[in-house]
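Notes for the one structure printed next.
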Amino acid sequence: MKKTLRYNYRLKPTLEQEAKLVEFGSYARGVWNLLLSENMRRYQYDKTFLFYNEMAALIKDLKQFEEFAWLKAFDSAASQQVARDLDAALKNSFNKKRLQKFPTFKVSFKQKKRHDDSFRCVNNANCIRIEKGAMSLPKIGKVPLVLHRKLASAIKTATIQMRHGKWYVSLTQEVKCKSAKKILSTLIGYDINSQLTVVGSNGWYVKNPKAFKKASGKLKQIQVQLSRRKKGSNRWHKTKSRLNTLHGKISRQRLAFAHEISCTIAKSSDIIVFEDLNVKGMQQFNGAMVNDNVMGMLTELVKYKAEVNGAVYHEIGRYVKSSGLCSCCTHEHKLGLGIREFECEKCGLVQCRDLAAAKSVANTGEKELIANGILVRALPKSQ
Ligand SMILES: [Zn+2]
């Protein structure tokens, strides 16, 4: 089985290249807005929409007119990708299951100060390639890039975007998954507590990095500072850019943490069991923690990494209780948030709250997998 994965790399464009990248991003936005307004006009006229083929033909026709000369300056494969995205967005908005809104116009950075222009090139006939630390992009040239890891396979598409003042390219590549493991002999359940410490049922644990706490303190400090500045003033802009830089740093730290941990977890056992964190988030975590999407990110990453490794990823049913259960006799306890250790009322076993929760996640997961027919029989317990 093959899986399409995204890998992000830093780009370090020269000033001229950067101007070109900004320009291309605005072209992609222009194509989107043009096609969307054309679609709206068409709908008013005869209640139909333009789909990919018609949109691609329209782009081709418009290129001949002088006022659309900018379309010629843009990479034609990239403008077709915009048409594909709009096609998908239109179709999704009619699909009642997906609950997506009708696509909207994209606004420029000048109006909204949102850095969300991006464009996607397609690798036709090896036009996108990496040579000697630089990435060749159609109509842009060789942009220096930081190749922090080798390519997994051939590049399919490259999306270029600026985030928090830095340029990134996101490459889609097809990765071959290892064949699913035939013998499933190890299972580990994981619990994430409100302090963001991850605990495995085998006793492995990792603490929430202190860097997060430190950064969020700093974040608050700058936010207060910003609120005291006169909006639009020189100093306001300065503080604003500091805030943006810090946001970028925090999001990179989180991502690095999530990747590191998820990699360890995905390799740790044949079967990996997690709780449904959406529900848990609502029940247990306070608002700030739910916003902090590191938890959701972690399970997403573990899921795909396990798949690539041929392991089984399982999330236990939504309303199965896991915290406060004795790991020995499953007697239920009501525990306050502050209690980290408890003694079982029934069998007297003194246990760590998080470890007990992880163990009960593992037990529930095992039962569910046997019921689903994925596991044939209970696994031998090794303590
Ligand atoms: Zn007990």
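Each chain in the structure tokens gets a letter, A, B, ..., in the order shown, and its residues are numbered from 1; ligands are numbered from 1 in order too.
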
Quick one: which chain A residues come within 12 Å of ligand 1, and what is the nearest atom pair for each with the distance in Å to one decimal, counting only C-alpha atoms and all ligand atoms, rows ordered by chain and ascending number, as a Markdown table?
```
| residue | atom | partner | partner_atom_place_in_ligand_line | distance |
| --- | --- | --- | --- | --- |
| A:Gly324 | CA | ligand 1 | 1 (Zn) | 10.4 |
| A:Leu325 | CA | ligand 1 | 1 (Zn) | 7.8 |
| A:Cys326 | CA | ligand 1 | 1 (Zn) | 4.6 |
| A:Ser327 | CA | ligand 1 | 1 (Zn) | 6.5 |
| A:Cys328 | CA | ligand 1 | 1 (Zn) | 5.0 |
| A:Cys329 | CA | ligand 1 | 1 (Zn) | 4.1 |
| A:Thr330 | CA | ligand 1 | 1 (Zn) | 5.9 |
| A:His331 | CA | ligand 1 | 1 (Zn) | 5.4 |
| A:Glu332 | CA | ligand 1 | 1 (Zn) | 8.3 |
| A:His333 | CA | ligand 1 | 1 (Zn) | 9.6 |
| A:Phe342 | CA | ligand 1 | 1 (Zn) | 10.2 |
| A:Glu343 | CA | ligand 1 | 1 (Zn) | 7.9 |
| A:Cys344 | CA | ligand 1 | 1 (Zn) | 4.6 |
| A:Glu345 | CA | ligand 1 | 1 (Zn) | 6.6 |
| A:Lys346 | CA | ligand 1 | 1 (Zn) | 5.1 |
| A:Cys347 | CA | ligand 1 | 1 (Zn) | 4.2 |
| A:Gly348 | CA | ligand 1 | 1 (Zn) | 6.1 |
| A:Leu349 | CA | ligand 1 | 1 (Zn) | 5.8 |
| A:Val350 | CA | ligand 1 | 1 (Zn) | 8.6 |
| A:Gln351 | CA | ligand 1 | 1 (Zn) | 9.3 |
| A:Ala356 | CA | ligand 1 | 1 (Zn) | 10.2 |
| A:Ser360 | CA | ligand 1 | 1 (Zn) | 11.9 |
```

Write out, as a Markdown table, each residue of segment 197-276 of chain A that has an atom at most 12 Å from segment 294-301 of chain A, together with the closest pair of atoms and their distance in Å to one decimal, counting only C-alpha atoms, rows going by chain and rising number.
```
| residue | atom | partner | partner_atom | distance |
| --- | --- | --- | --- | --- |
| A:Thr197 | CA | A:Met295 | CA | 10.1 |
| A:Val198 | CA | A:Met295 | CA | 9.6 |
| A:Asn208 | CA | A:Val294 | CA | 10.5 |
| A:Pro209 | CA | A:Val294 | CA | 11.8 |
| A:Phe212 | CA | A:Val294 | CA | 10.8 |
| A:Ile250 | CA | A:Val294 | CA | 11.0 |
| A:Ser251 | CA | A:Val294 | CA | 9.3 |
| A:Arg252 | CA | A:Val294 | CA | 11.1 |
| A:Gln253 | CA | A:Val294 | CA | 10.3 |
| A:Arg254 | CA | A:Val294 | CA | 6.5 |
| A:Leu255 | CA | A:Val294 | CA | 7.7 |
| A:Ala256 | CA | A:Val294 | CA | 10.4 |
| A:Phe257 | CA | A:Val294 | CA | 8.7 |
| A:Ala258 | CA | A:Leu298 | CA | 5.3 |
| A:His259 | CA | A:Leu301 | CA | 7.0 |
| A:Glu260 | CA | A:Leu298 | CA | 9.6 |
| A:Ile261 | CA | A:Leu298 | CA | 7.7 |
| A:Ser262 | CA | A:Leu301 | CA | 6.0 |
| A:Cys263 | CA | A:Leu301 | CA | 8.1 |
| A:Thr264 | CA | A:Leu301 | CA | 11.0 |
| A:Ile265 | CA | A:Leu298 | CA | 9.8 |
| A:Ala266 | CA | A:Leu301 | CA | 8.7 |
| A:Ile272 | CA | A:Thr299 | CA | 10.2 |
| A:Val273 | CA | A:Thr299 | CA | 9.8 |
| A:Phe274 | CA | A:Thr299 | CA | 7.6 |
| A:Glu275 | CA | A:Thr299 | CA | 9.2 |
| A:Asp276 | CA | A:Thr299 | CA | 9.1 |
```

Handout entry: Residues flagged alpha helix (DSSP H) by DSSP in segment 160-370 of chain A, as an MDAnalysis selection string
Key = chainID A and resid 210:228 234:268 277:284 287:291 294:309 353:370

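Interatomic distance, atom CA of Lys142 of chain A to atom CA of Val175 of chain A: 25.4 Å.
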
Practice task
Would you mind listing what lies within 9 Å of Ile160 of chain A as a PyMOL selection string, with only C-alpha atoms counted and same-chain residues fewer than 6 positions away left out?
Solution key: chain A and resi 11+21+25+117-121+167-171

Store the residues picked out above in a file with N, CA, C and O atoms, as a PDB file, in the first residue's frame.
```pdb
ATOM      1  N   LEU A  11      12.752  27.147   2.923  1.00  0.00           N
ATOM      2  CA  LEU A  11      13.343  27.744   1.730  1.00  0.00           C
ATOM      3  C   LEU A  11      14.072  29.007   2.148  1.00  0.00           C
ATOM      4  O   LEU A  11      13.622  29.711   3.043  1.00  0.00           O
ATOM      5  N   LEU A  21       8.232  34.962  -5.378  1.00  0.00           N
ATOM      6  CA  LEU A  21       7.340  34.056  -4.644  1.00  0.00           C
ATOM      7  C   LEU A  21       6.089  34.796  -4.169  1.00  0.00           C
ATOM      8  O   LEU A  21       4.974  34.274  -4.248  1.00  0.00           O
ATOM      9  N   GLY A  25       2.281  34.024  -5.337  1.00  0.00           N
ATOM     10  CA  GLY A  25       1.207  33.804  -4.365  1.00  0.00           C
ATOM     11  C   GLY A  25       0.009  34.685  -4.685  1.00  0.00           C
ATOM     12  O   GLY A  25      -1.143  34.256  -4.624  1.00  0.00           O
ATOM     13  N   ASP A 117      -1.393  33.618   1.390  1.00  0.00           N
ATOM     14  CA  ASP A 117      -1.181  33.324  -0.027  1.00  0.00           C
ATOM     15  C   ASP A 117      -0.275  32.113  -0.163  1.00  0.00           C
ATOM     16  O   ASP A 117       0.701  31.989   0.570  1.00  0.00           O
ATOM     17  N   SER A 118      -0.630  31.222  -1.087  1.00  0.00           N
ATOM     18  CA  SER A 118       0.266  30.111  -1.357  1.00  0.00           C
ATOM     19  C   SER A 118       0.009  29.650  -2.779  1.00  0.00           C
ATOM     20  O   SER A 118      -1.009  30.004  -3.366  1.00  0.00           O
ATOM     21  N   PHE A 119       0.923  28.913  -3.327  1.00  0.00           N
ATOM     22  CA  PHE A 119       0.655  28.334  -4.640  1.00  0.00           C
ATOM     23  C   PHE A 119       1.288  26.955  -4.732  1.00  0.00           C
ATOM     24  O   PHE A 119       2.224  26.645  -3.988  1.00  0.00           O
ATOM     25  N   ARG A 120       0.733  26.139  -5.617  1.00  0.00           N
ATOM     26  CA  ARG A 120       1.184  24.750  -5.687  1.00  0.00           C
ATOM     27  C   ARG A 120       1.641  24.427  -7.100  1.00  0.00           C
ATOM     28  O   ARG A 120       0.909  24.624  -8.057  1.00  0.00           O
ATOM     29  N   CYS A 121       2.869  23.955  -7.213  1.00  0.00           N
ATOM     30  CA  CYS A 121       3.396  23.550  -8.524  1.00  0.00           C
ATOM     31  C   CYS A 121       3.315  22.033  -8.623  1.00  0.00           C
ATOM     32  O   CYS A 121       3.368  21.328  -7.631  1.00  0.00           O
ATOM     33  N   TRP A 167       9.852  31.191   4.796  1.00  0.00           N
ATOM     34  CA  TRP A 167       9.322  30.504   3.614  1.00  0.00           C
ATOM     35  C   TRP A 167       9.452  28.997   3.761  1.00  0.00           C
ATOM     36  O   TRP A 167      10.482  28.504   4.215  1.00  0.00           O
ATOM     37  N   TYR A 168       8.414  28.307   3.369  1.00  0.00           N
ATOM     38  CA  TYR A 168       8.418  26.849   3.437  1.00  0.00           C
ATOM     39  C   TYR A 168       7.939  26.259   2.130  1.00  0.00           C
ATOM     40  O   TYR A 168       7.112  26.858   1.447  1.00  0.00           O
ATOM     41  N   VAL A 169       8.464  25.087   1.825  1.00  0.00           N
ATOM     42  CA  VAL A 169       7.878  24.335   0.728  1.00  0.00           C
ATOM     43  C   VAL A 169       7.405  23.011   1.306  1.00  0.00           C
ATOM     44  O   VAL A 169       8.080  22.384   2.112  1.00  0.00           O
ATOM     45  N   SER A 170       6.193  22.636   0.938  1.00  0.00           N
ATOM     46  CA  SER A 170       5.640  21.385   1.427  1.00  0.00           C
ATOM     47  C   SER A 170       5.562  20.429   0.247  1.00  0.00           C
ATOM     48  O   SER A 170       4.897  20.713  -0.745  1.00  0.00           O
ATOM     49  N   LEU A 171       6.310  19.348   0.323  1.00  0.00           N
ATOM     50  CA  LEU A 171       6.402  18.414  -0.804  1.00  0.00           C
ATOM     51  C   LEU A 171       5.544  17.196  -0.542  1.00  0.00           C
ATOM     52  O   LEU A 171       5.633  16.589   0.521  1.00  0.00           O
TER      53      LEU A 171
END
```

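Atom CA of Glu174 of chain A to atom CA of Ala311 of chain A spans 18.5 Å [interatomic distance, one decimal].
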
Fill in the blank from the handout: If you count only C-alpha atoms, the residue of A:Ile183, A:Ile140, A:Ala19, A:Leu5 closest to Ala154 of chain A turns out to be A:Leu5

Exercise for the section: List every residue of segment 114-300 of chain A that DSSP, applied to the backbone of this structure, assigns to strand (DSSP E or B), and report them as JSON, numbers by chain. Expected result: {"A": [118, 119, 120, 121, 122, 129, 130, 131, 134, 135, 136, 137, 141, 142, 143, 144, 145, 146, 155, 156, 157, 158, 159, 160, 161, 162, 163, 166, 167, 168, 169, 170, 171, 172, 173, 174, 175, 176, 187, 188, 189, 190, 191, 192, 198, 199, 200, 205, 206, 271, 272, 273, 274]}

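In terms of minimum interatomic distance to Met162 of chain A, A:Asp116 ranks closest within A:Asp116, A:Ser76, A:Lys334, A:Leu246, counting only C-alpha atoms.
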
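Computed from the coordinates, the atom CA of Lys12 of chain A to atom CA of Val107 of chain A distance equals 25.5 Å.
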
Problem - Residue neighbourhood Phe51 of chain A, 10 Å, only C-alpha atoms, exclusion window fewer than 4 positions, as a PyMOL selection string - result: chain A and resi 35+39+55-56+83-84+86-88+90-91
